[in-house]
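Worksheet for the structure shown next.
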Amino acid sequence: ISGKPATVEVALARLAGAAFIEVPGAPRAAFLAREQQLRPGSYAIVEHFPACPDLHLTIEFYPTRDPEGAAHSMQALIGTWDRSAGLGWGLTIDRGLLTLHLAGRHCRLATPVIRWRWHRVTVKYQADTGIAALSMVTVANSAVTELPVTTTREMTLPSDLLTGCQAQPLVIGAMLDRRTATAHFDGKIANPWIGWPVPEQHGAGPVSPPQSGPVTAGTLAAWDFSQDQDSDRIIDTGPLQLHGTVLQQLARAVTGSRWDGSVHCWRANRSHYD
């Protein structure tokens, strides 16, 4: 029983018209009430995500809450960052600005995100140099006539910020604060991809996510939300099969960044829905 600390007596009753009548002879019991905080908000979690000194990440998101609203200063997209402990990494919208958190340091874009628009984000952090790069572009689709907006930032942070970290839970759509999910994101998230720190060889470019089709070499994790949409699992198509679990009735089978209006049911073309 949630309430201010007090002893509460409980009895069995039946409804008779508009009144409750206690059932004669039914047992009674006493309980000590205590305040229990209600924590709304859904999210997905991968319980054991491997630590990695470098970070290569892409993700798409579609904010539906006013991202600059003062009452909701931070919304988390993805990460292992524990706000209280200051460990791990995380990608958030902080008062409307996309922000990368790395073990207590941060890199923030100056251009606000746009409500009701798909955005594609690319994140890179090199442990040996400390260089962090953050790029965001709005995604063009049939529902949007405005030109894409691109913003980038690169800055030098301390090296090896993530070196020595242990495997931690990875959360999508929220962040952890002493193992409690907070800073829930309102909107849609699609196609999160994380790459291994594969060194460049033979003049090849840095690791980059696949644009379509199967995952490529260098992929650590690539969650495909179009799979198992009628379940509570998110499927990782990467080599480690880092599947996750959705909690608190996270909405599934919603229109994604690839939806072009040609279908109106997720069963007709799952690739258009996440």
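Following the order of the structure tokens, first chain is A, next is B, and so on, with residues numbered from 1 inside each chain and ligands from 1 in the order they appear.
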### Within 7 Å of His48 in chain A using only C-alpha atoms, minus same-chain residues under 4 positions, as a VMD selection string
chain A and resid 167 to 169
### Surrounding residues of Lys124 in chain A excluding itself and chain neighbours under 4 positions, 8 Å, only C-alpha atoms, as a ChimeraX atom specification
/A:54-57,131-134
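Between Tyr273 in chain A and the candidates A:Ala222, A:Cys52, A:Val121, A:Ala190, the tightest atom-to-atom separation, counting only C-alpha atoms, involves A:Ala190.
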### Message
Please return, as an NGL selection string, all residues of range 75-221 of chain A that DSSP assigns to strand (DSSP E or B) on the basis of the backbone.
### Response
:A and (75-79 or 82 or 87 or 89-94 or 97-102 or 105-108 or 119-125 or 131-138 or 150-156 or 168-172 or 175-177 or 180-182 or 187-195 or 219-221)
### Message
Give me the residues near Leu240 in chain A as a list in words, where near means some atom within 12 Å (using only C-alpha atoms) and where sequence neighbours in that chain fewer than 5 positions away do not count.
### Response
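Neighbouring residues, sequence-local ones excluded: Val46, His48, Phe49, Pro50, Ile194, Gly195, Trp196, Val215, Gly218, Thr219, Leu220, Ala221, Ala222, Trp223 and Ile235 of chain A.
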### Query
Which of these residues is nearest to Pro63 in chain A, using only C-alpha atoms: A:Asp128, A:Asp230, A:Asp177, A:Asp186?
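Closest to Pro63 in chain A of all the choices is A:Asp186.
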### Message
Taking 6 positions as the minimum chain separation for residues in the same chain, which residues sit within 10 Å of Val254 in chain A when counting only C-alpha atoms? Answer as a PyMOL selection string.
### Response
chain A and resi 188-189+225-226+229+265-266+270+272-274
### Query
For Glu35 in chain A, which residue out of A:Gly173, A:Pro5, A:Gly88, A:Gly256 is the nearest one, using only C-alpha atoms?
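Looking only at the distances to Glu35 in chain A, the closest residue turns out to be A:Pro5.
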